[in-house]
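A short write-up of the structure that comes next.
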Amino acid sequence: MRNVMKGRSAGLVLAIAVVLPCTGGPALALPAVPAAPGAPSGSPGADGPGATLLPPLPVRLGEGNPCTGASGQTATGAAWSQTALGLSRAQRISRGGGVTVAVVDTGVATGVPSLSGRVEAADGAAEDCVGHGTFAAGLIAAAPEKGSGITGVAPRAEILALSGTDDRGVPSVERVAAGIRTAADRGAQVIYVGHALRTGKAELTAAVAHATRRDALVVAPAAPDAVAREEQGPDGEMPEGPYWPAAAPGSLAVVDFGPGGVRQDNAPPAHEPDLSAPGSAMVSVGPEGSGHYIGSGASLAAAGVAGTAALVRAYHPDLTAAQVSRRLLDTAYPSDTPRLDPYAALSLIQDRTTPSAPAPAPARMPPPADPTPRDRSLTVAAAGLATVLLLAALAAVVPRGRTRNWRPPTAP
């Protein structure tokens, strides 16, 4: 797998060679990705009939490039990330109903069948020329469809779309900050941000604080999906962050891993991630039709975390945003960067994010009884017993003495 960075005229695209069972194209099989402990195996069905490559998801569009259209390929099998997250078990507990997840990205197309009826757009975000925001929204909340094995993490969650970029997919601090604030003001319980910005510390920290005060959890990537040549160092060095809003207090910073359990070799370095989640070779919807695209990056891993936060908020509506964040961290699978575990986050019985019940007060023992009445009773009982024994002895001895003409001895 590799990132292919094209010039400005062509835009920036993540090209990923991966195979899934699909419809709509010729058969082409590639070797499965090797598995690692704790990670799922390679792409399912690579040797099956109808296997083909999915088109890559654009990150940005060059000037004059047409908008991303419908994909002619549909993945009929489940994506590896669904198995890695244990979605079949987690979704038996919660499917995210009643929770609104804001998507601050390139917009979210409202006509995608798997999101139909659950997308509300603000400030012109109902159109998505690039497709990244729609792809992320699908990872968060796409419902399963006939003929497709792809499903989002929280398939009953509502999506609130807001623009964090221009129509070419270039983000700005002002747009992202405004999107976070608007999402919080409109009641979103989870706010997903699809971009990692190297500037805007003050504005984006303030925006996250605003969301936190309104009990919204902000989830953002701890690394960019790709870095253009002009943003690299003179020898091709990748920037190392920090990235905003992921680095802001109160947000969850997320990094990606792939089917082999590790990140791609040339992935941009992540800055102090809190959680890791599947983010390489991800399959989701495009901005038109029901076909699928494939993409990689920390932003796509963040979408999985945002979807899981929606599951938890639906199942535990009493938890605050901070408590949901703590729960996701506490239940994560131990690793260099803890790995998201939706089922554990939902099924944990003892919630360490909430104050524990107060310890019971020590038992109050009654004061020791006054021993005086007891001693007096024992004395009386002993005296009575002695009297009874004496009378019994006299009753036995005196009659026998009379029978024998007993006389008391006389004095000499």
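Residues in the structure tokens are numbered from 1 in each chain, the chains being A, B, ... in the order shown, and ligands are numbered from 1 in the order shown.
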| field | Residue neighbourhood Arg339 of chain A, 6 Å, only C-alpha atoms, exclusion window fewer than 5 positions, as JSON, numbers by chain | value | {"A": [275, 276, 277, 332, 333]}
Contact check, segment 249-340 of chain A to segment 122-137 of chain A, at most 10 Å, counting only C-alpha atoms, closest pairs as a Markdown table:
| residue | atom | partner | partner_atom | distance |
| --- | --- | --- | --- | --- |
| A:Met282 | CA | A:Phe135 | CA | 9.4 |
| A:Val283 | CA | A:Phe135 | CA | 8.2 |
| A:Ser284 | CA | A:Phe135 | CA | 5.4 |
| A:Val285 | CA | A:Phe135 | CA | 5.2 |
| A:Gly286 | CA | A:Phe135 | CA | 5.7 |
| A:Pro287 | CA | A:Gly131 | CA | 5.2 |
| A:Glu288 | CA | A:Gly131 | CA | 8.7 |
| A:His292 | CA | A:Phe135 | CA | 8.7 |
| A:Tyr293 | CA | A:Phe135 | CA | 7.8 |
| A:Ile294 | CA | A:Phe135 | CA | 8.8 |
| A:Gly295 | CA | A:Phe135 | CA | 8.8 |
| A:Ser299 | CA | A:Ala136 | CA | 8.0 |
| A:Leu300 | CA | A:Ala136 | CA | 6.2 |
| A:Ala301 | CA | A:Ala136 | CA | 9.2 |
| A:Ala302 | CA | A:Ala136 | CA | 8.8 |
| A:Ala303 | CA | A:Ala136 | CA | 5.8 |
| A:Gly304 | CA | A:Ala136 | CA | 8.5 |
| A:Ala306 | CA | A:Ala137 | CA | 9.8 |
| A:Gly307 | CA | A:Ala137 | CA | 9.0 |
| request: Counting only C-alpha atoms, figure out which residue out of A:Glu237, A:Glu145, A:Asp336, A:Asp318 gets nearest to Glu272 of chain A. | output: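 The answer is A:Asp336, which sits nearest to Glu272 of chain A.
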| message | Using only C-alpha atoms, can you tell me which of A:Thr83, A:Thr106, A:Ser172, A:Thr308 comes closest to Arg156 of chain A? | response |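 The shortest atom-to-atom distance to Arg156 of chain A comes from A:Thr308.
If only C-alpha atoms are the atoms counted, then among A:Gly187, A:Pro155, A:Pro224, A:Gly147 the closest residue to Arg92 of chain A is A:Pro155.
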| request: Mind checking which residues fall within 10 Å of Gly200 of chain A, counting only C-alpha atoms, ignoring those fewer than 5 positions away in the same chain, and posting them as an NGL selection string? | output: :A and (172-174 or 176-177 or 205-206 or 243-245)
| message | For a quick check of understanding, using only C-alpha atoms, which of A:Leu197, A:Trp80, A:Asp167, A:Ala142 has the smallest distance to Thr68 of chain A? | response |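 Using only C-alpha atoms, Thr68 of chain A sits closest to A:Asp167.
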| request: Quick one: pull the distance between atom CA of Arg118 of chain A and atom CA of Asp341 of chain A, Å, one decimal. | output: 25.3 Å
| Just how far from atom CA of Val218 of chain A is atom CA of Gly279 of chain A, in Å to one decimal? |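 The value is 17.9 Å.
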| said: Can you tell me which residues surround Ala220 of chain A at a distance of at most 8 Å, considering only C-alpha atoms, apart from same-chain residues fewer than 4 positions away, and format the answer as a ChimeraX atom specification? | reply: /A:192-196,245-246,251-254,299,302
| said: Need the shell around Arg263 of chain A: protein/DNA/RNA residues with any atom at most 12 Å away, counting only C-alpha atoms. Skip same-chain ones fewer than 5 positions apart. Format as a PyMOL selection string? | reply: chain A and resi 1-2+223+225+255-258+268-270+276-281+296-298+301+337
Please dump the current selection as an mmCIF file, in the first residue's frame; keep C-alpha atoms.
data_model
loop_
_atom_site.group_PDB
_atom_site.id
_atom_site.type_symbol
_atom_site.label_atom_id
_atom_site.label_comp_id
_atom_site.auth_asym_id
_atom_site.auth_seq_id
_atom_site.Cartn_x
_atom_site.Cartn_y
_atom_site.Cartn_z
ATOM 1 C CA MET A 1 0.000 0.000 0.000
ATOM 2 C CA ARG A 2 1.270 3.495 -0.642
ATOM 3 C CA ALA A 223 -1.983 13.169 11.974
ATOM 4 C CA ASP A 225 -3.895 11.647 5.932
ATOM 5 C CA VAL A 255 -4.283 7.541 14.946
ATOM 6 C CA ASP A 256 -4.810 4.763 12.410
ATOM 7 C CA PHE A 257 -3.606 1.204 11.958
ATOM 8 C CA GLY A 258 -4.082 -1.266 9.120
ATOM 9 C CA PRO A 268 2.735 11.040 8.408
ATOM 10 C CA PRO A 269 3.867 10.901 12.063
ATOM 11 C CA ALA A 270 1.102 11.194 14.641
ATOM 12 C CA SER A 276 -5.881 4.040 17.704
ATOM 13 C CA ALA A 277 -8.514 2.551 15.416
ATOM 14 C CA PRO A 278 -8.747 0.932 11.984
ATOM 15 C CA GLY A 279 -7.894 3.564 9.389
ATOM 16 C CA SER A 280 -6.050 1.846 6.555
ATOM 17 C CA ALA A 281 -7.831 0.235 3.601
ATOM 18 C CA SER A 296 -6.568 5.412 4.387
ATOM 19 C CA GLY A 297 -5.562 7.873 7.068
ATOM 20 C CA ALA A 298 -5.926 8.950 10.672
ATOM 21 C CA ALA A 301 -9.752 6.122 12.129
ATOM 22 C CA THR A 337 -1.499 3.483 21.564
#
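Among the residues of segment 104-170 of chain A, backbone DSSP assigns alpha helix (DSSP H) to His132, Gly133, Thr134, Phe135, Ala136, Ala137, Gly138, Leu139, Ile140 and Ala141 of chain A.
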| query | Leaving out Arg313 of chain A and any residue of its chain fewer than 2 positions from it, which residues lie within 8 Å of it when counting only C-alpha atoms, given as a PyMOL selection string? | reply | chain A and resi 96+99+189+309-311+315-319+324
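When only C-alpha atoms are used to measure the gap to Gly260 of chain A, the shortest distance among A:Val108, A:Leu346, A:Ala84, A:Ala222 belongs to A:Ala84.
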| task | Would you mind telling me which residue in A:Pro342, A:Thr182, A:Ala188, A:His210 lies nearest to Gln82 of chain A when using only C-alpha atoms? | result |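 Residue with the minimum atom-to-atom distance to Gln82 of chain A: A:Pro342.
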